[in-house]
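Structure file coords11.csv with CSV, C-alpha atoms and all ligand atoms:
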```csv
chain,number,residue,atom,x,y,z
N,209,MET,CA,133.5,133.6,93.4
N,210,VAL,CA,130.4,135.6,92.7
N,211,ARG,CA,129.3,137.9,95.6
N,212,SER,CA,126.6,140.5,95.9
N,213,LYS,CA,127.3,144.1,96.6
N,214,ILE,CA,125.1,147.1,97.3
N,215,ALA,CA,125.4,149.0,94.1
N,216,GLY,CA,122.8,151.7,94.9
N,217,ILE,CA,120.8,152.8,97.9
N,218,GLY,CA,117.9,155.2,98.4
N,219,MET,CA,115.4,156.2,101.1
N,220,TYR,CA,112.1,158.1,101.3
N,221,VAL,CA,110.3,159.5,104.3
N,222,PRO,CA,107.0,161.4,104.1
N,223,SER,CA,107.3,165.2,104.6
N,224,ASN,CA,104.8,165.2,107.5
N,225,ILE,CA,106.8,165.5,110.8
N,226,VAL,CA,104.9,164.4,113.9
N,227,THR,CA,106.5,165.5,117.2
N,228,ASN,CA,106.1,163.8,120.6
N,229,ASN,CA,104.1,166.8,121.7
N,230,GLU,CA,101.6,166.4,118.9
N,231,LEU,CA,100.9,162.8,120.1
N,232,THR,CA,99.8,164.2,123.5
N,233,ARG,CA,96.7,165.5,121.7
N,234,TYR,CA,95.4,161.9,121.3
N,235,MET,CA,96.8,160.0,124.3
N,236,ASP,CA,98.1,160.4,127.8
N,237,THR,CA,101.9,160.6,127.1
N,238,THR,CA,104.7,163.2,127.3
N,239,ASP,CA,107.6,164.2,125.3
N,240,GLU,CA,109.8,163.5,128.3
N,241,TRP,CA,108.6,159.9,128.7
N,242,ILE,CA,109.0,159.1,125.0
N,243,GLN,CA,112.5,160.6,124.8
N,244,GLU,CA,113.7,159.0,128.0
N,245,ARG,CA,112.4,155.5,127.3
N,246,THR,CA,113.0,155.4,123.5
N,247,GLY,CA,115.2,158.3,122.3
N,248,ILE,CA,112.5,159.3,119.8
N,249,LYS,CA,111.9,163.0,119.3
N,250,GLU,CA,109.7,162.8,116.2
N,251,ARG,CA,108.6,160.5,113.4
N,252,ARG,CA,107.1,160.9,109.9
N,253,TYR,CA,103.5,160.0,109.0
N,254,ALA,CA,102.5,159.3,105.4
N,255,HIS,CA,99.8,161.2,103.6
N,256,ARG,CA,96.6,159.6,104.5
N,257,THR,CA,95.3,158.9,101.0
N,258,GLN,CA,98.1,159.7,98.6
N,259,GLU,CA,101.0,157.6,100.1
N,260,THR,CA,101.1,153.9,100.7
N,261,THR,CA,103.7,151.4,101.7
N,262,THR,CA,104.2,150.7,98.0
N,263,THR,CA,104.4,154.3,96.8
N,264,MET,CA,107.1,155.1,99.5
N,265,GLY,CA,109.0,151.9,98.4
N,266,VAL,CA,108.8,153.1,94.8
N,267,GLU,CA,110.4,156.5,95.7
N,268,ALA,CA,113.2,154.8,97.6
N,269,ALA,CA,113.7,152.3,94.8
N,270,LYS,CA,114.0,155.0,92.1
N,271,ILE,CA,116.9,156.6,94.0
N,272,ALA,CA,118.6,153.2,94.6
N,273,ILE,CA,118.3,152.2,90.9
N,274,GLU,CA,119.6,155.6,89.7
N,275,ARG,CA,122.6,155.5,92.1
N,276,ALA,CA,123.4,152.0,90.9
N,277,GLY,CA,123.7,153.4,87.4
N,278,ILE,CA,121.1,151.1,85.9
N,279,THR,CA,117.5,151.3,84.8
N,280,VAL,CA,114.3,149.5,86.0
N,281,ASN,CA,114.7,147.3,82.9
N,282,ASP,CA,117.9,145.9,84.5
N,283,ILE,CA,116.2,144.6,87.6
N,284,ASP,CA,115.9,140.8,87.6
N,285,PHE,CA,113.9,140.3,90.8
N,286,ILE,CA,112.1,142.2,93.6
N,287,VAL,CA,112.1,141.4,97.3
N,288,PHE,CA,109.8,143.6,99.3
N,289,ALA,CA,109.8,143.5,103.1
N,290,THR,CA,106.9,145.0,105.1
N,291,LEU,CA,104.4,144.3,107.8
N,292,SER,CA,102.0,147.0,106.7
N,293,PRO,CA,101.2,146.1,103.1
N,294,ASP,CA,98.7,148.0,100.9
N,295,TYR,CA,96.5,145.0,100.7
N,296,TYR,CA,96.2,141.8,102.8
N,297,PHE,CA,97.1,140.2,99.4
N,298,PRO,CA,98.6,140.5,96.9
N,299,GLY,CA,101.8,141.8,98.3
N,300,CYS,CA,103.6,145.1,97.8
N,301,GLY,CA,106.2,143.4,95.4
N,302,VAL,CA,103.8,143.1,92.6
N,303,LEU,CA,102.4,146.6,93.2
N,304,LEU,CA,105.9,148.0,93.0
N,305,GLN,CA,106.5,146.0,89.8
N,306,ARG,CA,103.4,147.6,88.3
N,307,ALA,CA,104.1,151.1,89.6
N,308,MET,CA,107.6,151.1,88.2
N,309,LYS,CA,106.6,149.6,84.9
N,310,MET,CA,109.1,146.8,85.3
N,311,LYS,CA,109.5,143.8,83.2
N,312,GLN,CA,107.5,140.7,84.4
N,313,VAL,CA,110.2,139.8,86.9
N,314,GLY,CA,109.6,137.7,90.0
N,315,ALA,CA,108.4,139.6,93.1
N,316,LEU,CA,108.6,138.1,96.6
N,317,ASP,CA,107.2,139.6,99.8
N,318,VAL,CA,109.0,139.0,103.1
N,319,ARG,CA,107.0,139.1,106.3
N,320,ASN,CA,109.6,139.2,109.0
N,321,GLN,CA,108.7,142.5,110.6
N,322,CYS,CA,111.7,144.3,112.1
N,323,SER,CA,114.2,141.8,110.7
N,324,GLY,CA,112.4,141.8,107.3
N,325,PHE,CA,115.0,143.8,105.5
N,326,VAL,CA,118.0,141.8,106.7
N,327,TYR,CA,116.1,138.6,105.8
N,328,ALA,CA,115.3,140.1,102.4
N,329,VAL,CA,118.9,141.0,101.7
N,330,SER,CA,119.9,137.4,102.7
N,331,VAL,CA,117.3,135.9,100.2
N,332,ALA,CA,118.5,138.2,97.4
N,333,ASP,CA,122.2,137.4,98.2
N,334,GLN,CA,121.5,133.7,97.7
N,335,PHE,CA,119.9,134.3,94.3
N,336,ILE,CA,122.9,136.3,93.2
N,337,LYS,CA,125.5,133.9,94.6
N,338,THR,CA,123.9,131.0,92.6
N,339,GLY,CA,124.2,133.1,89.5
N,340,MET,CA,120.5,133.2,88.9
N,341,TYR,CA,120.1,137.0,89.0
N,342,LYS,CA,122.4,140.0,88.6
N,343,ASN,CA,120.4,142.9,89.9
N,344,ILE,CA,117.9,142.5,92.7
N,345,LEU,CA,115.8,145.3,94.1
N,346,VAL,CA,115.4,144.9,97.9
N,347,VAL,CA,112.9,147.2,99.5
N,348,GLY,CA,111.8,147.7,103.1
N,349,ALA,CA,108.8,150.0,103.7
N,350,GLU,CA,106.1,150.7,106.2
N,351,LYS,CA,103.0,152.8,106.6
N,352,HIS,CA,102.5,152.2,110.3
N,353,SER,CA,100.5,155.4,110.9
N,354,PHE,CA,97.4,153.8,109.3
N,355,GLY,CA,97.2,150.9,111.8
N,356,LEU,CA,98.0,152.2,115.3
N,357,ASP,CA,95.8,152.7,118.3
N,358,PHE,CA,96.1,156.4,119.0
N,359,SER,CA,94.2,156.2,122.3
N,360,THR,CA,95.9,155.9,125.6
N,361,ARG,CA,95.3,152.1,125.5
N,362,GLY,CA,97.8,151.8,122.6
N,363,ARG,CA,100.4,154.4,123.8
N,364,ASN,CA,103.2,151.9,124.5
N,365,VAL,CA,103.2,150.9,120.8
N,366,SER,CA,101.9,153.9,118.9
N,367,VAL,CA,104.5,156.4,120.1
N,368,ILE,CA,107.3,154.2,118.8
N,369,PHE,CA,106.4,153.6,115.2
N,370,GLY,CA,106.9,155.8,112.1
N,371,ASP,CA,106.5,155.6,108.3
N,372,GLY,CA,109.2,155.4,105.6
N,373,ALA,CA,111.0,153.3,103.1
N,374,GLY,CA,114.5,152.3,102.1
N,375,ALA,CA,115.8,150.3,99.1
N,376,VAL,CA,119.0,148.8,97.8
N,377,VAL,CA,120.1,147.3,94.5
N,378,LEU,CA,122.0,144.2,95.2
N,379,GLN,CA,124.3,143.4,92.3
N,380,SER,CA,126.7,140.6,91.4
N,381,THR,CA,130.4,141.3,91.6
N,382,ASN,CA,133.5,139.3,91.1
N,383,ASP,CA,135.5,141.7,93.3
N,384,GLU,CA,136.8,139.6,96.2
N,385,ASN,CA,137.3,142.7,98.4
N,386,ARG,CA,133.7,143.8,98.2
N,387,GLY,CA,130.2,142.7,99.0
N,388,ILE,CA,128.1,140.6,101.4
N,389,LEU,CA,130.4,138.3,103.3
N,390,SER,CA,127.7,136.3,105.2
N,391,THR,CA,124.2,136.6,106.5
N,392,HIS,CA,122.8,134.9,109.6
N,393,LEU,CA,119.1,134.3,110.2
N,394,HIS,CA,117.3,133.0,113.3
N,395,SER,CA,113.8,132.5,114.7
N,396,ASP,CA,112.1,131.3,117.9
N,397,GLY,CA,108.3,131.3,117.8
N,398,THR,CA,107.9,130.4,121.5
N,399,ASP,CA,106.8,134.0,122.3
N,400,ALA,CA,105.2,134.8,119.0
N,401,GLU,CA,102.2,136.5,120.7
N,402,ILE,CA,104.4,138.9,122.8
N,403,LEU,CA,104.6,141.3,119.8
N,404,ALA,CA,101.8,140.6,117.4
N,405,MET,CA,98.7,141.8,115.6
N,406,PHE,CA,96.0,139.1,116.0
N,407,ASN,CA,93.3,140.3,113.5
N,408,PRO,CA,92.5,140.0,110.8
N,409,GLY,CA,93.7,136.5,110.9
N,410,THR,CA,92.6,132.9,110.7
N,411,HIS,CA,93.4,131.7,114.2
N,412,ALA,CA,89.7,132.2,115.2
N,413,ASN,CA,90.5,132.7,118.9
N,414,HIS,CA,87.6,135.1,119.2
N,415,TRP,CA,85.1,132.6,117.9
N,416,ARG,CA,86.6,129.8,119.9
N,417,GLU,CA,85.5,131.6,123.0
N,418,GLN,CA,81.9,131.6,121.8
N,419,SER,CA,81.3,128.4,119.9
N,420,ALA,CA,83.6,125.6,118.9
N,421,THR,CA,81.4,124.5,116.0
N,422,PHE,CA,80.9,126.2,112.7
N,423,ASN,CA,78.0,128.5,113.1
N,424,GLU,CA,76.3,129.7,109.9
N,425,ALA,CA,75.0,132.9,111.6
N,426,GLU,CA,78.6,134.0,112.2
N,427,ILE,CA,80.0,133.1,108.7
N,428,GLY,CA,80.3,136.7,107.4
N,429,ASP,CA,81.8,137.9,110.6
N,430,MET,CA,84.6,135.4,111.2
N,431,PHE,CA,87.5,137.3,109.6
N,432,MET,CA,86.7,140.7,111.0
N,433,SER,CA,84.0,141.6,113.5
N,434,HIS,CA,82.8,144.6,115.5
N,435,ALA,CA,83.8,142.6,118.7
N,436,MET,CA,87.4,142.3,117.4
N,437,VAL,CA,87.6,146.0,116.7
N,438,GLU,CA,86.1,146.8,120.1
N,439,LYS,CA,88.8,144.6,121.8
N,440,ALA,CA,91.5,146.5,119.7
N,441,GLU,CA,92.7,143.2,118.2
N,442,ASN,CA,93.2,144.9,114.9
N,443,PHE,CA,96.1,146.9,116.4
N,444,PRO,CA,99.6,145.7,117.2
N,445,ASN,CA,100.0,144.3,120.7
N,446,MET,CA,103.4,144.3,122.6
N,447,ASP,CA,104.8,143.4,125.9
N,448,GLY,CA,107.6,145.9,125.6
N,449,PRO,CA,109.8,145.0,128.5
N,450,SER,CA,109.8,141.3,127.4
N,451,VAL,CA,110.8,142.3,123.9
N,452,PHE,CA,113.5,144.6,125.3
N,453,LYS,CA,115.0,141.8,127.5
N,454,THR,CA,115.3,139.4,124.6
N,455,ALA,CA,116.5,142.0,122.1
N,456,VAL,CA,119.5,143.0,124.2
N,457,VAL,CA,120.6,139.3,124.3
N,458,LYS,CA,120.0,138.4,120.6
N,459,PHE,CA,121.4,141.6,119.0
N,460,PRO,CA,125.0,141.1,120.4
N,461,GLU,CA,124.7,137.4,119.7
N,462,VAL,CA,123.9,137.7,116.0
N,463,ILE,CA,126.4,140.5,115.5
N,464,MET,CA,129.2,138.4,117.1
N,465,GLU,CA,128.1,135.4,115.0
N,466,ALA,CA,128.6,137.4,111.8
N,467,LEU,CA,132.0,138.7,112.9
N,468,ALA,CA,133.2,135.3,114.1
N,469,ALA,CA,132.1,133.6,110.8
N,470,ASN,CA,134.5,136.0,109.0
N,471,ASN,CA,137.3,136.1,111.6
N,472,TYR,CA,136.7,139.7,112.6
N,473,GLN,CA,136.4,141.4,116.0
N,474,PRO,CA,134.0,144.2,117.0
N,475,ALA,CA,136.9,146.6,116.8
N,476,ASP,CA,137.2,145.9,113.1
N,477,LEU,CA,133.8,147.3,112.4
N,478,LYS,CA,133.6,150.6,110.6
N,479,LEU,CA,129.9,150.9,111.3
N,480,LEU,CA,127.1,148.9,112.9
N,481,ILE,CA,123.6,149.7,111.6
N,482,PRO,CA,121.2,148.3,114.2
N,483,HIS,CA,117.5,148.1,113.5
N,484,GLN,CA,116.2,151.3,115.1
N,485,ALA,CA,113.9,149.8,117.8
N,486,ASN,CA,114.9,151.8,120.8
N,487,LEU,CA,117.9,154.0,121.4
N,488,ARG,CA,118.4,152.3,124.7
N,489,ILE,CA,118.7,148.9,123.0
N,490,ALA,CA,121.3,150.3,120.6
N,491,GLN,CA,123.3,151.8,123.5
N,492,PHE,CA,123.2,148.6,125.4
N,493,VAL,CA,124.5,146.7,122.3
N,494,GLN,CA,127.2,149.3,121.8
N,495,GLN,CA,128.3,148.9,125.4
N,496,LYS,CA,128.3,145.1,125.3
N,497,LEU,CA,130.4,145.0,122.2
N,498,LYS,CA,132.7,147.8,123.4
N,499,LEU,CA,132.0,149.9,120.3
N,500,ASN,CA,132.8,153.6,120.2
N,501,ASP,CA,130.2,156.3,119.2
N,502,GLU,CA,131.6,156.5,115.7
N,503,GLN,CA,131.0,152.8,115.1
N,504,VAL,CA,127.2,152.8,115.7
N,505,PHE,CA,124.7,154.7,113.6
N,506,ASN,CA,121.3,155.8,115.1
N,507,ASN,CA,118.6,158.0,113.6
N,508,ILE,CA,115.6,156.7,115.6
N,509,GLN,CA,115.4,160.2,117.1
N,510,LYS,CA,114.1,161.6,113.8
N,511,TYR,CA,112.0,158.7,112.4
N,512,GLY,CA,111.0,156.4,115.3
N,513,ASN,CA,110.9,152.7,114.6
N,514,THR,CA,110.1,152.1,110.9
N,515,THR,CA,110.3,148.3,111.2
N,516,ALA,CA,111.4,146.8,107.8
N,517,ALA,CA,112.5,150.2,106.6
N,518,SER,CA,114.7,151.2,109.5
N,519,VAL,CA,117.9,149.4,108.5
N,520,PRO,CA,117.9,150.6,104.9
N,521,ILE,CA,117.0,154.2,106.0
N,522,ALA,CA,119.8,154.2,108.5
N,523,LEU,CA,122.2,152.7,106.1
N,524,CYS,CA,121.3,155.3,103.4
N,525,GLU,CA,121.7,158.2,105.8
N,526,ALA,CA,125.0,156.9,107.1
N,527,TRP,CA,126.3,156.5,103.5
N,528,GLU,CA,125.0,159.9,102.4
N,529,ALA,CA,126.8,161.5,105.5
N,530,GLY,CA,130.1,160.0,104.2
N,531,LYS,CA,130.3,157.5,107.2
N,532,ILE,CA,130.8,154.5,104.9
N,533,LYS,CA,133.4,154.3,102.2
N,534,GLU,CA,134.4,151.6,99.8
N,535,GLY,CA,136.1,148.7,101.6
N,536,ASP,CA,134.6,149.5,105.0
N,537,LEU,CA,133.3,146.7,107.2
N,538,VAL,CA,129.6,147.2,107.9
N,539,CYS,CA,127.2,145.1,109.9
N,540,LEU,CA,123.4,145.2,109.6
N,541,ALA,CA,121.5,143.7,112.5
N,542,ALA,CA,117.9,143.4,113.5
N,543,PHE,CA,115.6,141.8,116.0
N,544,GLY,CA,111.8,141.8,116.3
N,545,SER,CA,108.4,140.2,116.3
N,546,GLY,CA,108.4,136.4,115.9
N,547,PHE,CA,110.9,136.5,117.4
N,548,THR,CA,113.2,136.7,114.4
N,549,TRP,CA,116.6,138.2,114.4
N,550,ALA,CA,119.3,138.4,111.7
N,551,SER,CA,122.6,140.0,110.7
N,552,ALA,CA,124.5,140.7,107.5
N,553,LEU,CA,128.3,141.5,107.4
N,554,LEU,CA,129.5,143.3,104.3
N,555,LYS,CA,132.5,145.1,102.8
N,556,TRP,CA,131.1,148.2,101.3
N,601,LIG,O1,111.1,146.9,116.8
N,601,LIG,C1,110.3,145.8,117.3
N,601,LIG,C2,110.8,145.4,118.5
N,601,LIG,N1,110.3,146.2,119.6
N,601,LIG,C3,111.1,146.6,120.5
N,601,LIG,O2,112.3,146.3,120.5
N,601,LIG,C4,110.5,147.3,121.7
N,601,LIG,C5,111.2,147.0,123.0
N,601,LIG,N2,110.7,147.6,124.2
N,601,LIG,C6,110.8,148.9,124.4
N,601,LIG,O3,111.3,149.6,123.6
N,601,LIG,C7,110.2,149.4,125.7
N,601,LIG,O4,109.8,148.3,126.5
N,601,LIG,C8,109.1,150.4,125.5
N,601,LIG,C9,109.6,151.7,125.0
N,601,LIG,C10,108.0,149.9,124.6
N,601,LIG,C11,108.4,150.8,126.9
N,601,LIG,O5,109.4,151.2,127.8
N,601,LIG,P1,109.6,150.6,129.2
N,601,LIG,O6,110.6,151.4,129.9
N,601,LIG,O7,109.8,149.1,129.1
N,601,LIG,O8,108.2,150.9,129.9
N,601,LIG,P2,107.0,149.9,130.4
N,601,LIG,O9,106.3,149.3,129.3
N,601,LIG,O10,107.6,149.1,131.5
N,601,LIG,O11,106.0,151.0,131.1
N,601,LIG,C12,106.4,151.8,132.2
N,601,LIG,C13,105.2,152.7,132.5
N,601,LIG,C14,103.9,152.0,132.6
N,601,LIG,O12,103.1,152.6,133.7
N,601,LIG,P3,103.1,152.0,135.2
N,601,LIG,O13,102.5,150.6,135.0
N,601,LIG,O14,104.5,152.0,135.6
N,601,LIG,O15,102.2,153.0,135.9
N,601,LIG,C15,103.2,152.2,131.3
N,601,LIG,O16,101.8,152.2,131.4
N,601,LIG,O17,105.0,153.7,131.4
N,601,LIG,C16,103.7,153.6,131.0
N,601,LIG,N3,103.6,153.9,129.6
N,601,LIG,C17,103.6,155.2,129.1
N,601,LIG,N4,103.6,156.4,129.7
N,601,LIG,C18,103.6,157.5,129.0
N,601,LIG,C19,103.7,153.1,128.5
N,601,LIG,N5,103.7,153.8,127.4
N,601,LIG,C20,103.6,155.1,127.7
N,601,LIG,C21,103.6,156.3,127.0
N,601,LIG,N6,103.6,157.5,127.6
N,601,LIG,N7,103.7,156.3,125.6
```
Rewrite the coordinates I just gave you, this time as structure tokens.
Ligand code: UT7
Amino acid sequence: MVRSKIAGIGMYVPSNIVTNNELTRYMDTTDEWIQERTGIKERRYAHRTQETTTTMGVEAAKIAIERAGITVNDIDFIVFATLSPDYYFPGCGVLLQRAMKMKQVGALDVRNQCSGFVYAVSVADQFIKTGMYKNILVVGAEKHSFGLDFSTRGRNVSVIFGDGAGAVVLQSTNDENRGILSTHLHSDGTDAEILAMFNPGTHANHWREQSATFNEAEIGDMFMSHAMVEKAENFPNMDGPSVFKTAVVKFPEVIMEALAANNYQPADLKLLIPHQANLRIAQFVQQKLKLNDEQVFNNIQKYGNTTAASVPIALCEAWEAGKIKEGDLVCLAAFGSGFTWASALLKW
């Protein structure tokens, strides 16, 4: 049976370190509040003009490809997960294909926010299991710093997020003792607006308030207007406590689902890589599953929440630190906007 394994992994974070104290220059917050509520000490912000979501993804991808022992010419397909693309369209996948001078392979963008990378891995895994592709580049990258409200109004969101990228090469293998065992994807859109960025978008809520009929005078203003900007609708909006409450239920659920599907118990896990949303969420999950400190990897302290990039960055750092060896049972799990949540269980 053909399976997919992670043949190479890489990460890239910008050199600019932004501490909690630096954020107090822009908004009413404190280092103490941020550390106590989230565990975050600092995060990275990309260079304003020279770095984009795609360029960071490219840097991570180069390392992953080199570590896989292949070249860009061996890549059969690209899956790029992000919520902060360089352009509204086209997606980052094609920009990465161009930047890396790849063959004219397919490029797919995944828009599943915090669970984007795990979703992207699952998509790539299916293409490999069917035998369609041998080497797939899966990237998760974000440039959040460009789209956050740095006034006190946006402080509950903006202190959390950071920039960065992670990438893996998923490769087909016939080795029965290695690779992705299963992936598990879920969504529930009931509370889609609890964690969302409303504009630019085509929902036209803003205009619905003013006039239900199409108004020629407004035509150039419908997609993005001064009023939308004044109402901060071009920034992410989050009801943090509600997201927290659902996250601590869905994370353990989807991890247990992956373990049960493969007849494993939490104690069998070498390492859990949870999406780095909040250290308190990860600690809650650890407690609930009765995992010891060695079984859960966290690096949110250094990078904040990097959304689609957080799982591959954490996985990469854990691997580089020697915490994952061949044959180890590893679980990737994520929860976020949508809501969407997902897990992947693999033998390294
Ligand atoms: O990865 C995507 C998924 N996202 C998540 O998983 C996020 C889940 N939620 C969270 O991580 C937490 O809810 C937050 C870290 C966002 C917020 O922590 P919290 O303990 O839930 O705080 P809260 O939102 O209930 O706010 C408590 C207080 C409020 O003030 P009052 O109303 O008690 O006076 C906020 O206005 O803290 C205030 N506050 C802040 N104070 C200082 C909110 N943000 C800040 C801030 N600095 N940055």
Point-to-point distance from atom CA of Ala328 of chain N to atom CA of Lys496 of chain N, Å rounded to tenths | 26.8 Å
In terms of the shortest atom-to-atom distance over only C-alpha atoms and all ligand atoms, which of N:Phe406, N:Phe369, N:Tyr511, N:Trp556 is closest to ligand LIG 601 (chain N)?
->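 Ranking N:Phe406, N:Phe369, N:Tyr511, N:Trp556 by distance to ligand LIG 601 (chain N), first place goes to N:Phe369.
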Throw together the list of residues within 8 Å of ligand LIG 601 (chain N), counting all atoms listed in the file, and drop it here as a ChimeraX atom specification.
-> /N:235-238,241-242,245-246,321-322,360,362-368,403,446-453,455,483-486,488-489,513-515,543-545
Of the candidates N:Ile271, N:Val302, N:Leu477, N:Val210, which one gets nearest to Ile532 of chain N if we count only C-alpha atoms?
->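 With only C-alpha atoms as the atom set, the closest residue is N:Leu477.
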Excluding same-chain residues fewer than 4 positions from segment 459-476 of chain N, what lies within 12 Å of it counting all atoms listed in the file, as a count of residues only?
-> 55
Asp317 of chain N surroundings by only C-alpha atoms, 6 Å radius, close-in-sequence under 5 positions cut, as number ranges by chain = N: 287-289, 301
What is the distance between atom CA of Ala516 of chain N and atom CA of Lys337 of chain N, in Å to one decimal?
->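 Interatomic distance here is 23.2 Å.
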For Ala373 of chain N, which of N:Ala517, N:Ala215, N:Val226, N:Ile402 is the closest residue, counting all atoms listed in the file?
->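 Nearest candidate to Ala373 of chain N out of N:Ala517, N:Ala215, N:Val226, N:Ile402: N:Ala517.
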Taking the point (95.7, 146.6, 113.7) as given in the file, collect each protein or nucleic acid residue that comes within 9 Å of it, counting all atoms listed in the file, and present the set as a PyMOL selection string.
-> chain N and resi 354-357+405-408+437+440-445
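Straight-line separation from atom CA of Ile248 of chain N to atom CA of Ile225 of chain N: 12.3 Å.
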Starting from 6 Å padding per side, set up an axis-aligned box that covers all listed atoms of segment 494-509 of chain N and hand over centre and edge lengths in Å, one decimal, as JSON.
```
{"center_x": 124.1, "center_y": 152.6, "center_z": 119.5, "size_x": 29.4, "size_y": 27.2, "size_z": 23.8}
```
Pick out the closest residue to Glu240 of chain N from this set: N:Asn228, N:Glu525, N:Leu479, N:Ala375. Count only C-alpha atoms.
-> N:Asn228
Distance criterion (all atoms listed in the file): nearest to Asp333 of chain N out of N:Thr263, N:Asn507, N:Ser380, N:Ser223 =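 The answer is N:Ser380, which sits nearest to Asp333 of chain N.
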Within 12 Å of Ala272 of chain N, counting only C-alpha atoms, which residues qualify if same-chain residues fewer than 2 places away don't, as a PyMOL selection string?
-> chain N and resi 214-220+265-270+274-280+283+343-347+373-379+520-521+524
Choose the residue, out of N:Glu528, N:Asp371, N:Asp239, N:Asp282, that has the smallest atom-to-atom separation from His255 of chain N; count all atoms listed in the file.
->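 Once distances to His255 of chain N are computed over all atoms listed in the file, the minimum belongs to N:Asp371.
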